[in-house]
$ cat coords.txt   # compact mmCIF, N, CA and C atoms and all ligand atoms
# COMPACT_ATOMS: atom_id res chain seq x y z
N MET I 1 0.84 -1.19 0.00
CA MET I 1 0.00 0.00 0.00
C MET I 1 0.88 1.25 0.00
N LYS I 2 0.43 2.25 -0.72
CA LYS I 2 1.16 3.51 -0.77
C LYS I 2 1.18 4.17 0.63
N VAL I 3 2.29 4.83 0.95
CA VAL I 3 2.39 5.55 2.23
C VAL I 3 2.48 7.04 1.92
N VAL I 4 1.63 7.83 2.54
CA VAL I 4 1.63 9.29 2.34
C VAL I 4 2.19 9.94 3.61
N TYR I 5 3.18 10.80 3.39
CA TYR I 5 3.86 11.43 4.52
C TYR I 5 3.35 12.84 4.77
N TYR I 6 3.05 13.15 6.02
CA TYR I 6 2.73 14.52 6.42
C TYR I 6 3.71 14.97 7.50
N PRO I 7 4.39 16.10 7.30
CA PRO I 7 5.24 16.60 8.39
C PRO I 7 4.36 17.11 9.54
N ALA I 8 4.94 17.14 10.73
CA ALA I 8 4.17 17.59 11.91
C ALA I 8 3.69 19.03 11.73
N SER I 9 4.36 19.79 10.84
CA SER I 9 4.00 21.19 10.62
C SER I 9 2.86 21.37 9.61
N ASP I 10 2.38 20.28 9.02
CA ASP I 10 1.29 20.38 8.05
C ASP I 10 0.08 21.04 8.73
N PRO I 11 -0.60 21.99 8.03
CA PRO I 11 -1.72 22.69 8.69
C PRO I 11 -2.86 21.77 9.10
N TRP I 12 -2.97 20.61 8.50
CA TRP I 12 -4.07 19.70 8.84
C TRP I 12 -3.64 18.60 9.80
N VAL I 13 -2.42 18.75 10.33
CA VAL I 13 -1.93 17.78 11.31
C VAL I 13 -2.05 18.37 12.71
N GLY I 14 -2.51 17.57 13.63
CA GLY I 14 -2.60 17.99 15.03
C GLY I 14 -2.36 16.78 15.92
N GLU I 15 -2.52 17.00 17.21
CA GLU I 15 -2.36 15.89 18.14
C GLU I 15 -3.71 15.59 18.78
N MET I 16 -4.06 14.33 18.81
CA MET I 16 -5.28 13.90 19.49
C MET I 16 -4.90 13.52 20.91
N GLU I 17 -5.61 14.07 21.89
CA GLU I 17 -5.35 13.65 23.26
C GLU I 17 -6.38 12.62 23.68
N CYS I 18 -5.89 11.49 24.17
CA CYS I 18 -6.78 10.41 24.62
C CYS I 18 -7.44 10.83 25.93
N SER I 19 -8.74 10.65 26.01
CA SER I 19 -9.45 11.05 27.24
C SER I 19 -9.21 10.03 28.35
N ALA I 20 -8.75 8.85 28.01
CA ALA I 20 -8.52 7.82 29.03
C ALA I 20 -7.09 7.88 29.57
N CYS I 21 -6.08 7.86 28.70
CA CYS I 21 -4.69 7.80 29.18
C CYS I 21 -3.95 9.12 28.97
N HIS I 22 -4.59 10.07 28.28
CA HIS I 22 -4.06 11.42 28.08
C HIS I 22 -2.79 11.49 27.24
N ARG I 23 -2.43 10.38 26.59
CA ARG I 23 -1.28 10.46 25.71
C ARG I 23 -1.69 11.06 24.37
N LEU I 24 -0.70 11.66 23.70
CA LEU I 24 -0.97 12.37 22.44
C LEU I 24 -0.60 11.50 21.26
N THR I 25 -1.43 11.55 20.22
CA THR I 25 -1.16 10.81 18.99
C THR I 25 -1.30 11.76 17.82
N PRO I 26 -0.30 11.84 16.94
CA PRO I 26 -0.45 12.71 15.77
C PRO I 26 -1.55 12.21 14.85
N ALA I 27 -2.28 13.13 14.27
CA ALA I 27 -3.38 12.76 13.38
C ALA I 27 -3.52 13.82 12.29
N TRP I 28 -3.96 13.37 11.13
CA TRP I 28 -4.26 14.27 10.02
C TRP I 28 -5.77 14.35 9.90
N GLN I 29 -6.28 15.57 9.73
CA GLN I 29 -7.72 15.73 9.57
C GLN I 29 -8.01 16.34 8.22
N SER I 30 -8.99 15.78 7.51
CA SER I 30 -9.32 16.33 6.20
C SER I 30 -10.12 17.61 6.40
N SER I 31 -9.96 18.55 5.47
CA SER I 31 -10.69 19.81 5.55
C SER I 31 -12.12 19.59 5.08
N GLY I 32 -13.00 20.57 5.36
CA GLY I 32 -14.38 20.47 4.88
C GLY I 32 -14.45 20.47 3.36
N MET I 33 -13.47 21.12 2.72
CA MET I 33 -13.44 21.21 1.26
C MET I 33 -13.22 19.85 0.59
N SER I 34 -12.63 18.93 1.32
CA SER I 34 -12.30 17.65 0.70
C SER I 34 -13.52 16.75 0.59
N GLU I 35 -14.64 17.17 1.21
CA GLU I 35 -15.88 16.41 1.11
C GLU I 35 -15.69 14.94 1.47
N GLY I 36 -15.03 14.72 2.59
CA GLY I 36 -14.73 13.34 2.98
C GLY I 36 -15.88 12.66 3.71
N TYR I 37 -17.07 12.81 3.21
CA TYR I 37 -18.23 12.16 3.84
C TYR I 37 -18.95 11.28 2.85
N PRO I 38 -19.71 10.28 3.27
CA PRO I 38 -19.63 9.77 4.63
C PRO I 38 -18.38 8.89 4.76
N HIS I 39 -17.85 8.82 5.95
CA HIS I 39 -16.72 7.92 6.18
C HIS I 39 -17.00 7.10 7.43
N PHE I 40 -16.39 5.94 7.47
CA PHE I 40 -16.66 5.00 8.56
C PHE I 40 -15.33 4.44 9.04
N TYR I 41 -15.23 4.25 10.34
CA TYR I 41 -14.01 3.66 10.90
C TYR I 41 -14.24 2.18 11.17
N CYS I 42 -13.13 1.48 11.26
CA CYS I 42 -13.15 0.06 11.61
C CYS I 42 -13.49 -0.05 13.10
N ASP I 43 -14.22 -1.11 13.47
CA ASP I 43 -14.55 -1.29 14.89
C ASP I 43 -13.39 -1.86 15.69
N THR I 44 -12.30 -2.21 15.01
CA THR I 44 -11.18 -2.85 15.69
C THR I 44 -9.90 -2.02 15.64
N CYS I 45 -9.62 -1.39 14.48
CA CYS I 45 -8.43 -0.54 14.36
C CYS I 45 -8.88 0.87 14.00
N SER I 46 -7.96 1.73 13.58
CA SER I 46 -8.32 3.12 13.29
C SER I 46 -8.37 3.41 11.79
N ASN I 47 -8.42 2.34 10.97
CA ASN I 47 -8.55 2.57 9.53
C ASN I 47 -9.90 3.21 9.22
N CYS I 48 -9.91 3.93 8.10
CA CYS I 48 -11.09 4.71 7.72
C CYS I 48 -11.49 4.33 6.29
N LEU I 49 -12.78 4.25 6.05
CA LEU I 49 -13.31 3.90 4.73
C LEU I 49 -14.08 5.08 4.19
N HIS I 50 -13.78 5.46 2.94
CA HIS I 50 -14.52 6.55 2.30
C HIS I 50 -14.82 6.13 0.86
N ARG I 51 -16.12 6.00 0.53
CA ARG I 51 -16.49 5.54 -0.81
C ARG I 51 -17.30 6.61 -1.53
N GLU I 52 -16.88 6.89 -2.76
CA GLU I 52 -17.63 7.86 -3.59
C GLU I 52 -19.06 7.37 -3.80
N SER I 53 -19.24 6.07 -3.89
CA SER I 53 -20.58 5.52 -4.13
C SER I 53 -21.51 5.86 -2.96
N ASP I 54 -20.98 5.90 -1.74
CA ASP I 54 -21.80 6.29 -0.58
C ASP I 54 -22.10 7.78 -0.63
N LYS I 55 -21.11 8.57 -1.09
CA LYS I 55 -21.30 10.02 -1.14
C LYS I 55 -22.44 10.37 -2.09
N GLU I 56 -22.52 9.63 -3.20
CA GLU I 56 -23.61 9.88 -4.15
C GLU I 56 -24.96 9.63 -3.49
N LEU I 57 -25.05 8.61 -2.65
CA LEU I 57 -26.31 8.32 -1.95
C LEU I 57 -26.65 9.42 -0.95
N VAL I 58 -25.64 9.93 -0.25
CA VAL I 58 -25.88 10.98 0.75
C VAL I 58 -26.26 12.29 0.07
N TYR I 59 -25.62 12.58 -1.09
CA TYR I 59 -25.96 13.76 -1.89
C TYR I 59 -27.43 13.75 -2.27
N ALA I 60 -27.88 12.57 -2.68
CA ALA I 60 -29.17 12.45 -3.35
C ALA I 60 -30.35 12.40 -2.38
N ALA I 61 -30.09 12.15 -1.11
CA ALA I 61 -31.20 11.91 -0.20
C ALA I 61 -30.98 12.66 1.11
N GLU I 62 -32.00 12.68 1.92
CA GLU I 62 -31.86 13.23 3.25
C GLU I 62 -31.11 12.22 4.12
N GLN I 63 -30.40 12.73 5.13
CA GLN I 63 -29.69 11.82 6.01
C GLN I 63 -30.67 11.24 7.03
N THR I 64 -30.99 10.00 6.84
CA THR I 64 -31.94 9.33 7.73
C THR I 64 -31.34 8.04 8.25
N GLN I 65 -31.99 7.50 9.26
CA GLN I 65 -31.59 6.21 9.81
C GLN I 65 -31.66 5.13 8.72
N GLU I 66 -32.67 5.24 7.86
CA GLU I 66 -32.85 4.27 6.79
C GLU I 66 -31.66 4.27 5.83
N LEU I 67 -31.26 5.49 5.43
CA LEU I 67 -30.12 5.61 4.52
C LEU I 67 -28.87 5.05 5.20
N LEU I 68 -28.70 5.39 6.47
CA LEU I 68 -27.54 4.89 7.21
C LEU I 68 -27.52 3.36 7.21
N GLU I 69 -28.68 2.77 7.46
CA GLU I 69 -28.74 1.30 7.52
C GLU I 69 -28.46 0.67 6.17
N SER I 70 -28.94 1.32 5.11
CA SER I 70 -28.70 0.72 3.80
C SER I 70 -27.22 0.81 3.43
N ILE I 71 -26.56 1.92 3.79
CA ILE I 71 -25.11 2.00 3.55
C ILE I 71 -24.38 1.01 4.46
N ALA I 72 -24.81 0.96 5.73
CA ALA I 72 -24.12 0.10 6.70
C ALA I 72 -24.12 -1.36 6.26
N SER I 73 -25.22 -1.77 5.62
CA SER I 73 -25.32 -3.19 5.24
C SER I 73 -24.32 -3.56 4.15
N SER I 74 -23.75 -2.55 3.47
CA SER I 74 -22.79 -2.86 2.41
C SER I 74 -21.35 -2.55 2.81
N LEU I 75 -21.13 -2.19 4.07
CA LEU I 75 -19.76 -1.85 4.48
C LEU I 75 -18.91 -3.11 4.56
N PRO I 76 -17.70 -3.04 4.03
CA PRO I 76 -16.84 -4.24 3.99
C PRO I 76 -16.12 -4.49 5.31
N ARG I 77 -15.47 -5.61 5.37
CA ARG I 77 -14.59 -5.89 6.51
C ARG I 77 -13.28 -5.15 6.27
N CYS I 78 -12.56 -4.92 7.35
CA CYS I 78 -11.25 -4.28 7.29
C CYS I 78 -10.18 -5.36 7.15
N SER I 79 -9.03 -4.99 6.60
CA SER I 79 -7.95 -5.97 6.43
C SER I 79 -7.44 -6.50 7.78
N CYS I 80 -7.75 -5.80 8.88
CA CYS I 80 -7.31 -6.25 10.20
C CYS I 80 -8.21 -7.35 10.74
N GLY I 81 -9.32 -7.63 10.04
CA GLY I 81 -10.27 -8.62 10.54
C GLY I 81 -11.50 -7.98 11.16
N GLY I 82 -11.43 -6.67 11.42
CA GLY I 82 -12.57 -5.94 11.98
C GLY I 82 -13.57 -5.60 10.88
N GLN I 83 -14.50 -4.71 11.25
CA GLN I 83 -15.61 -4.37 10.36
C GLN I 83 -15.77 -2.85 10.34
N PHE I 84 -15.88 -2.26 9.14
CA PHE I 84 -16.23 -0.84 9.07
C PHE I 84 -17.69 -0.70 9.48
N LYS I 85 -17.96 0.26 10.37
CA LYS I 85 -19.26 0.29 11.02
C LYS I 85 -19.64 1.71 11.40
N PRO I 86 -20.93 2.08 11.26
CA PRO I 86 -21.36 3.38 11.77
C PRO I 86 -21.16 3.42 13.28
N GLY I 87 -20.73 4.56 13.78
CA GLY I 87 -20.57 4.70 15.23
C GLY I 87 -19.19 4.28 15.73
N ALA I 88 -18.39 3.63 14.87
CA ALA I 88 -17.02 3.29 15.30
C ALA I 88 -16.17 4.54 15.22
N ASP I 89 -15.18 4.64 16.08
CA ASP I 89 -14.31 5.82 16.14
C ASP I 89 -12.86 5.38 16.03
N PRO I 90 -11.96 6.34 15.66
CA PRO I 90 -10.54 6.01 15.74
C PRO I 90 -10.17 5.75 17.20
N LYS I 91 -9.12 4.99 17.40
CA LYS I 91 -8.78 4.56 18.76
C LYS I 91 -7.36 4.94 19.15
N CYS I 92 -7.19 5.26 20.42
CA CYS I 92 -5.86 5.57 20.95
C CYS I 92 -4.94 4.37 20.74
N PRO I 93 -3.76 4.58 20.11
CA PRO I 93 -2.87 3.44 19.87
C PRO I 93 -2.25 2.89 21.15
N PHE I 94 -2.30 3.64 22.23
CA PHE I 94 -1.69 3.18 23.49
C PHE I 94 -2.65 2.31 24.30
N CYS I 95 -3.90 2.77 24.45
CA CYS I 95 -4.82 2.06 25.36
C CYS I 95 -6.10 1.62 24.66
N SER I 96 -6.23 1.92 23.35
CA SER I 96 -7.39 1.50 22.54
C SER I 96 -8.70 2.20 22.90
N ALA I 97 -8.65 3.20 23.78
CA ALA I 97 -9.89 3.95 24.06
C ALA I 97 -10.28 4.73 22.80
N PRO I 98 -11.57 4.74 22.43
CA PRO I 98 -11.98 5.48 21.24
C PRO I 98 -11.97 7.00 21.47
N TYR I 99 -11.70 7.74 20.40
CA TYR I 99 -11.90 9.20 20.42
C TYR I 99 -13.36 9.40 20.04
N VAL I 100 -14.21 9.52 21.03
CA VAL I 100 -15.65 9.45 20.79
C VAL I 100 -16.16 10.71 20.10
N SER I 101 -16.91 10.51 19.02
CA SER I 101 -17.52 11.63 18.30
C SER I 101 -18.72 12.16 19.07
N GLN I 102 -18.93 13.48 18.97
CA GLN I 102 -20.09 14.10 19.63
C GLN I 102 -21.35 13.96 18.78
N LEU I 103 -21.20 13.49 17.56
CA LEU I 103 -22.35 13.39 16.65
C LEU I 103 -22.88 11.97 16.64
N ASN I 104 -24.18 11.83 16.38
CA ASN I 104 -24.71 10.47 16.24
C ASN I 104 -24.44 9.96 14.82
N PRO I 105 -24.58 8.64 14.61
CA PRO I 105 -24.20 8.07 13.31
C PRO I 105 -24.95 8.66 12.12
N VAL I 106 -26.20 9.11 12.32
CA VAL I 106 -26.94 9.71 11.19
C VAL I 106 -26.35 11.09 10.87
N GLN I 107 -26.06 11.89 11.91
CA GLN I 107 -25.43 13.20 11.67
C GLN I 107 -24.06 13.02 11.02
N ARG I 108 -23.38 11.96 11.37
CA ARG I 108 -22.03 11.75 10.85
C ARG I 108 -22.02 11.43 9.36
N LEU I 109 -23.18 11.08 8.79
CA LEU I 109 -23.22 10.82 7.34
C LEU I 109 -22.72 12.02 6.54
N ALA I 110 -22.99 13.24 7.04
CA ALA I 110 -22.62 14.45 6.30
C ALA I 110 -21.43 15.17 6.93
N PHE I 111 -20.76 14.52 7.86
CA PHE I 111 -19.62 15.15 8.54
C PHE I 111 -18.36 14.92 7.70
N PRO I 112 -17.73 16.01 7.20
CA PRO I 112 -16.67 15.82 6.21
C PRO I 112 -15.28 15.55 6.77
N HIS I 113 -15.09 15.77 8.07
CA HIS I 113 -13.72 15.72 8.58
C HIS I 113 -13.30 14.32 8.99
N MET I 114 -12.52 13.70 8.12
CA MET I 114 -11.96 12.38 8.45
C MET I 114 -10.74 12.57 9.33
N ILE I 115 -10.59 11.70 10.30
CA ILE I 115 -9.40 11.73 11.14
C ILE I 115 -8.58 10.49 10.83
N LEU I 116 -7.35 10.73 10.36
CA LEU I 116 -6.45 9.60 10.09
C LEU I 116 -5.30 9.68 11.08
N LEU I 117 -5.29 8.76 12.02
CA LEU I 117 -4.20 8.71 12.99
C LEU I 117 -2.94 8.26 12.29
N ASP I 118 -1.82 8.63 12.85
CA ASP I 118 -0.53 8.16 12.33
C ASP I 118 -0.57 6.64 12.20
N GLY I 119 -0.28 6.13 11.01
CA GLY I 119 -0.26 4.68 10.79
C GLY I 119 -1.57 4.10 10.30
N ALA I 120 -2.64 4.89 10.32
CA ALA I 120 -3.94 4.38 9.86
C ALA I 120 -3.99 4.40 8.33
N CYS I 121 -4.89 3.60 7.77
CA CYS I 121 -5.05 3.52 6.32
C CYS I 121 -6.40 4.11 5.93
N LEU I 122 -6.40 4.77 4.77
CA LEU I 122 -7.66 5.24 4.20
C LEU I 122 -8.01 4.31 3.05
N ILE I 123 -9.17 3.67 3.15
CA ILE I 123 -9.62 2.72 2.13
C ILE I 123 -10.66 3.44 1.28
N ARG I 124 -10.49 3.37 -0.07
CA ARG I 124 -11.40 4.09 -0.96
C ARG I 124 -11.92 3.15 -2.04
N ASP I 125 -13.04 3.54 -2.67
CA ASP I 125 -13.60 2.65 -3.69
C ASP I 125 -13.07 2.93 -5.09
N ARG I 126 -12.83 4.20 -5.44
CA ARG I 126 -12.41 4.48 -6.83
C ARG I 126 -10.95 4.89 -6.92
N LEU I 127 -10.34 5.16 -5.79
CA LEU I 127 -8.92 5.51 -5.78
C LEU I 127 -8.20 4.50 -4.89
N SER I 128 -6.86 4.45 -5.04
CA SER I 128 -6.10 3.46 -4.28
C SER I 128 -6.09 3.83 -2.80
N PRO I 129 -6.01 2.82 -1.97
CA PRO I 129 -5.89 3.09 -0.54
C PRO I 129 -4.49 3.61 -0.21
N TYR I 130 -4.34 4.27 0.90
CA TYR I 130 -3.01 4.65 1.35
C TYR I 130 -2.95 4.68 2.87
N GLN I 131 -1.71 4.59 3.35
CA GLN I 131 -1.47 4.68 4.79
C GLN I 131 -0.84 6.03 5.08
N VAL I 132 -1.23 6.67 6.17
CA VAL I 132 -0.60 7.94 6.52
C VAL I 132 0.51 7.74 7.53
N SER I 133 1.55 8.54 7.34
CA SER I 133 2.68 8.52 8.26
C SER I 133 2.96 9.96 8.62
N ILE I 134 2.90 10.27 9.91
CA ILE I 134 2.95 11.66 10.35
C ILE I 134 4.15 11.90 11.23
N GLY I 135 4.84 13.00 10.97
CA GLY I 135 5.89 13.45 11.89
C GLY I 135 7.27 13.01 11.49
N SER I 136 7.72 11.87 12.00
CA SER I 136 9.10 11.45 11.80
C SER I 136 9.34 10.91 10.38
N HIS I 137 10.37 11.44 9.72
CA HIS I 137 10.68 11.00 8.36
C HIS I 137 11.25 9.59 8.35
N LEU I 138 11.98 9.24 9.40
CA LEU I 138 12.55 7.89 9.49
C LEU I 138 11.43 6.85 9.59
N LYS I 139 10.45 7.13 10.43
CA LYS I 139 9.30 6.22 10.58
C LYS I 139 8.62 6.03 9.23
N TYR I 140 8.51 7.13 8.47
CA TYR I 140 7.92 7.07 7.14
C TYR I 140 8.71 6.14 6.23
N LEU I 141 10.03 6.29 6.23
CA LEU I 141 10.87 5.46 5.35
C LEU I 141 10.74 3.98 5.72
N LEU I 142 10.67 3.70 7.02
CA LEU I 142 10.50 2.31 7.45
C LEU I 142 9.16 1.73 6.97
N ARG I 143 8.13 2.59 6.99
CA ARG I 143 6.81 2.12 6.52
C ARG I 143 6.84 1.84 5.01
N VAL I 144 7.56 2.69 4.27
CA VAL I 144 7.65 2.48 2.82
C VAL I 144 8.36 1.15 2.55
N VAL I 145 9.43 0.89 3.27
CA VAL I 145 10.17 -0.37 3.09
C VAL I 145 9.25 -1.55 3.42
N ARG I 146 8.55 -1.43 4.54
CA ARG I 146 7.67 -2.53 4.98
C ARG I 146 6.54 -2.77 3.98
N SER I 147 6.02 -1.67 3.40
CA SER I 147 4.88 -1.83 2.51
C SER I 147 5.28 -2.49 1.18
N ALA I 148 6.60 -2.56 0.90
CA ALA I 148 7.07 -3.17 -0.33
C ALA I 148 7.05 -4.70 -0.23
N PHE I 149 6.91 -5.24 0.98
CA PHE I 149 6.94 -6.71 1.13
C PHE I 149 5.55 -7.30 1.30
ZN ZN D 1 -5.22 6.22 25.48
ZN ZN D 2 -9.39 -2.57 11.08
$ encode --input "coords.txt" --output "structure tokens" --more "lines below"
Ligand SMILES: [Zn+2]
Ligand SMILES: [Zn+2]
Amino acid sequence: MKVVYYPASDPWVGEMECSACHRLTPAWQSSGMSEGYPHFYCDTCSNCLHRESDKELVYAAEQTQELLESIASSLPRCSCGGQFKPGADPKCPFCSAPYVSQLNPVQRLAFPHMILLDGACLIRDRLSPYQVSIGSHLKYLLRVVRSAF
């Protein structure tokens, strides 16, 4: 899988503070302009799924529980063995506590800001997936080497 590098100084990079263990994890957040909705996280890891085919459904209809359920029924499994699911959140890499969203799953259908934690993968339907690597350039190079095998 391709690895995309963001320096810590990137304007869309920040640190997520875990509410359970208070440790900081670098994360990249998509801007509202990128129209990264709807997106779903894995229930087991912090990978994120964003499909243009789902966006077309959200564009065309009102955001309802029914629409959410119909999209949810087609969400794939994650390569980690988990499942992309409405209501799942990215998780602290130290203690696995979720970064809980303040929005309910129906509201989240139109929420454009995807959060990609350092090391998480973005899975897409019409474009290739990629893994993000944030901050250290050495860590990035190691991920590129690893992704070649
Ligand atoms: Zn934590
Ligand atoms: Zn996963």
$ residues_near_point --input "coords.txt" --point "(-12.3, 4.7, -4.7)" --cutoff "6.5 Å" --atoms "all atoms listed in the file" --output "ChimeraX atom specification"
/I:50-52,123-128
$ write_last_selection --input "coords.txt" --atoms "N, CA and C atoms" --output "PDB file, in the coordinates of the input"
ATOM      1  N   HIS I  50     -13.780   5.460   2.940  1.00  0.00           N
ATOM      2  CA  HIS I  50     -14.520   6.550   2.300  1.00  0.00           C
ATOM      3  C   HIS I  50     -14.820   6.130   0.860  1.00  0.00           C
ATOM      4  N   ARG I  51     -16.120   6.000   0.530  1.00  0.00           N
ATOM      5  CA  ARG I  51     -16.490   5.540  -0.810  1.00  0.00           C
ATOM      6  C   ARG I  51     -17.300   6.610  -1.530  1.00  0.00           C
ATOM      7  N   GLU I  52     -16.880   6.890  -2.760  1.00  0.00           N
ATOM      8  CA  GLU I  52     -17.630   7.860  -3.590  1.00  0.00           C
ATOM      9  C   GLU I  52     -19.060   7.370  -3.800  1.00  0.00           C
ATOM     10  N   ILE I 123      -9.170   3.670   3.150  1.00  0.00           N
ATOM     11  CA  ILE I 123      -9.620   2.720   2.130  1.00  0.00           C
ATOM     12  C   ILE I 123     -10.660   3.440   1.280  1.00  0.00           C
ATOM     13  N   ARG I 124     -10.490   3.370  -0.070  1.00  0.00           N
ATOM     14  CA  ARG I 124     -11.400   4.090  -0.960  1.00  0.00           C
ATOM     15  C   ARG I 124     -11.920   3.150  -2.040  1.00  0.00           C
ATOM     16  N   ASP I 125     -13.040   3.540  -2.670  1.00  0.00           N
ATOM     17  CA  ASP I 125     -13.600   2.650  -3.690  1.00  0.00           C
ATOM     18  C   ASP I 125     -13.070   2.930  -5.090  1.00  0.00           C
ATOM     19  N   ARG I 126     -12.830   4.200  -5.440  1.00  0.00           N
ATOM     20  CA  ARG I 126     -12.410   4.480  -6.830  1.00  0.00           C
ATOM     21  C   ARG I 126     -10.950   4.890  -6.920  1.00  0.00           C
ATOM     22  N   LEU I 127     -10.340   5.160  -5.790  1.00  0.00           N
ATOM     23  CA  LEU I 127      -8.920   5.510  -5.780  1.00  0.00           C
ATOM     24  C   LEU I 127      -8.200   4.500  -4.890  1.00  0.00           C
ATOM     25  N   SER I 128      -6.860   4.450  -5.040  1.00  0.00           N
ATOM     26  CA  SER I 128      -6.100   3.460  -4.280  1.00  0.00           C
ATOM     27  C   SER I 128      -6.090   3.830  -2.800  1.00  0.00           C
TER      28      SER I 128
END
$ residues_near_ligand --input "coords.txt" --ligand "ligand ZN 1 (chain D)" --cutoff "5 Å" --atoms "all atoms listed in the file" --output "PyMOL selection string"
chain I and resi 18+20-22+92+94-97
$ residues_around --input "coords.txt" --residues "Tyr41 (chain I)" --least-positions-apart "5" --cutoff "10 Å" --atoms "only C-alpha atoms" --output "PDB file with N, CA and C atoms, in the coordinates of the input"
ATOM      1  N   SER I  46      -7.960   1.730  13.580  1.00  0.00           N
ATOM      2  CA  SER I  46      -8.320   3.120  13.290  1.00  0.00           C
ATOM      3  C   SER I  46      -8.370   3.410  11.790  1.00  0.00           C
ATOM      4  N   ASN I  47      -8.420   2.340  10.970  1.00  0.00           N
ATOM      5  CA  ASN I  47      -8.550   2.570   9.530  1.00  0.00           C
ATOM      6  C   ASN I  47      -9.900   3.210   9.220  1.00  0.00           C
ATOM      7  N   CYS I  48      -9.910   3.930   8.100  1.00  0.00           N
ATOM      8  CA  CYS I  48     -11.090   4.710   7.720  1.00  0.00           C
ATOM      9  C   CYS I  48     -11.490   4.330   6.290  1.00  0.00           C
ATOM     10  N   LEU I  49     -12.780   4.250   6.050  1.00  0.00           N
ATOM     11  CA  LEU I  49     -13.310   3.900   4.730  1.00  0.00           C
ATOM     12  C   LEU I  49     -14.080   5.080   4.190  1.00  0.00           C
ATOM     13  N   HIS I  50     -13.780   5.460   2.940  1.00  0.00           N
ATOM     14  CA  HIS I  50     -14.520   6.550   2.300  1.00  0.00           C
ATOM     15  C   HIS I  50     -14.820   6.130   0.860  1.00  0.00           C
ATOM     16  N   CYS I  78     -12.560  -4.920   7.350  1.00  0.00           N
ATOM     17  CA  CYS I  78     -11.250  -4.280   7.290  1.00  0.00           C
ATOM     18  C   CYS I  78     -10.180  -5.360   7.150  1.00  0.00           C
ATOM     19  N   GLY I  82     -11.430  -6.670  11.420  1.00  0.00           N
ATOM     20  CA  GLY I  82     -12.570  -5.940  11.980  1.00  0.00           C
ATOM     21  C   GLY I  82     -13.570  -5.600  10.880  1.00  0.00           C
ATOM     22  N   GLN I  83     -14.500  -4.710  11.250  1.00  0.00           N
ATOM     23  CA  GLN I  83     -15.610  -4.370  10.360  1.00  0.00           C
ATOM     24  C   GLN I  83     -15.770  -2.850  10.340  1.00  0.00           C
ATOM     25  N   PHE I  84     -15.880  -2.260   9.140  1.00  0.00           N
ATOM     26  CA  PHE I  84     -16.230  -0.840   9.070  1.00  0.00           C
ATOM     27  C   PHE I  84     -17.690  -0.700   9.480  1.00  0.00           C
ATOM     28  N   LYS I  85     -17.960   0.260  10.370  1.00  0.00           N
ATOM     29  CA  LYS I  85     -19.260   0.290  11.020  1.00  0.00           C
ATOM     30  C   LYS I  85     -19.640   1.710  11.400  1.00  0.00           C
ATOM     31  N   PRO I  86     -20.930   2.080  11.260  1.00  0.00           N
ATOM     32  CA  PRO I  86     -21.360   3.380  11.770  1.00  0.00           C
ATOM     33  C   PRO I  86     -21.160   3.420  13.280  1.00  0.00           C
ATOM     34  N   GLY I  87     -20.730   4.560  13.780  1.00  0.00           N
ATOM     35  CA  GLY I  87     -20.570   4.700  15.230  1.00  0.00           C
ATOM     36  C   GLY I  87     -19.190   4.280  15.730  1.00  0.00           C
ATOM     37  N   ALA I  88     -18.390   3.630  14.870  1.00  0.00           N
ATOM     38  CA  ALA I  88     -17.020   3.290  15.300  1.00  0.00           C
ATOM     39  C   ALA I  88     -16.170   4.540  15.220  1.00  0.00           C
ATOM     40  N   ASP I  89     -15.180   4.640  16.080  1.00  0.00           N
ATOM     41  CA  ASP I  89     -14.310   5.820  16.140  1.00  0.00           C
ATOM     42  C   ASP I  89     -12.860   5.380  16.030  1.00  0.00           C
ATOM     43  N   PRO I  90     -11.960   6.340  15.660  1.00  0.00           N
ATOM     44  CA  PRO I  90     -10.540   6.010  15.740  1.00  0.00           C
ATOM     45  C   PRO I  90     -10.170   5.750  17.200  1.00  0.00           C
ATOM     46  N   LYS I  91      -9.120   4.990  17.400  1.00  0.00           N
ATOM     47  CA  LYS I  91      -8.780   4.560  18.760  1.00  0.00           C
ATOM     48  C   LYS I  91      -7.360   4.940  19.150  1.00  0.00           C
ATOM     49  N   MET I 114     -12.520  13.700   8.120  1.00  0.00           N
ATOM     50  CA  MET I 114     -11.960  12.380   8.450  1.00  0.00           C
ATOM     51  C   MET I 114     -10.740  12.570   9.330  1.00  0.00           C
ATOM     52  N   ILE I 115     -10.590  11.700  10.300  1.00  0.00           N
ATOM     53  CA  ILE I 115      -9.400  11.730  11.140  1.00  0.00           C
ATOM     54  C   ILE I 115      -8.580  10.490  10.830  1.00  0.00           C
ATOM     55  N   LEU I 116      -7.350  10.730  10.360  1.00  0.00           N
ATOM     56  CA  LEU I 116      -6.450   9.600  10.090  1.00  0.00           C
ATOM     57  C   LEU I 116      -5.300   9.680  11.080  1.00  0.00           C
ATOM     58  N   LEU I 122      -6.400   4.770   4.770  1.00  0.00           N
ATOM     59  CA  LEU I 122      -7.660   5.240   4.200  1.00  0.00           C
ATOM     60  C   LEU I 122      -8.010   4.310   3.050  1.00  0.00           C
ATOM     61  N   ILE I 123      -9.170   3.670   3.150  1.00  0.00           N
ATOM     62  CA  ILE I 123      -9.620   2.720   2.130  1.00  0.00           C
ATOM     63  C   ILE I 123     -10.660   3.440   1.280  1.00  0.00           C
TER      64      ILE I 123
END
$ select_by_dssp --input "coords.txt" --residues "region 14-103 of chain I" --states "strand (DSSP E)" --output "list in words"
Gly14, Glu15, Met16, Glu17, Leu24, Thr25, Pro26, Ala27, Trp28, Gln29, His39, Phe40, Tyr41, Cys42, Cys48, Leu49, His50, Phe84 and Lys85 of chain I
$ residues_near_point --input "coords.txt" --point "(-21.9, 10.8, -3.9)" --cutoff "12 Å" --atoms "only C-alpha atoms" --output "list in words"
Glu35, Gly36, Tyr37, Pro38, His39, His50, Arg51, Glu52, Ser53, Asp54, Lys55, Glu56, Leu57, Val58, Tyr59, Ala60, Ala61, Ile71, Leu109, Ala110, Asp125 and Arg126 of chain I
$ closest_residue --input "coords.txt" --among "I:Gln131, I:Pro98, I:Ser79, I:Trp28" --to "Pro11 (chain I)" --atoms "all atoms listed in the file"
I:Trp28
$ atom_distance --input "coords.txt" --atom1 "atom C of Arg77 (chain I)" --atom2 "CA of Cys42 (chain I)"
7.5 Å
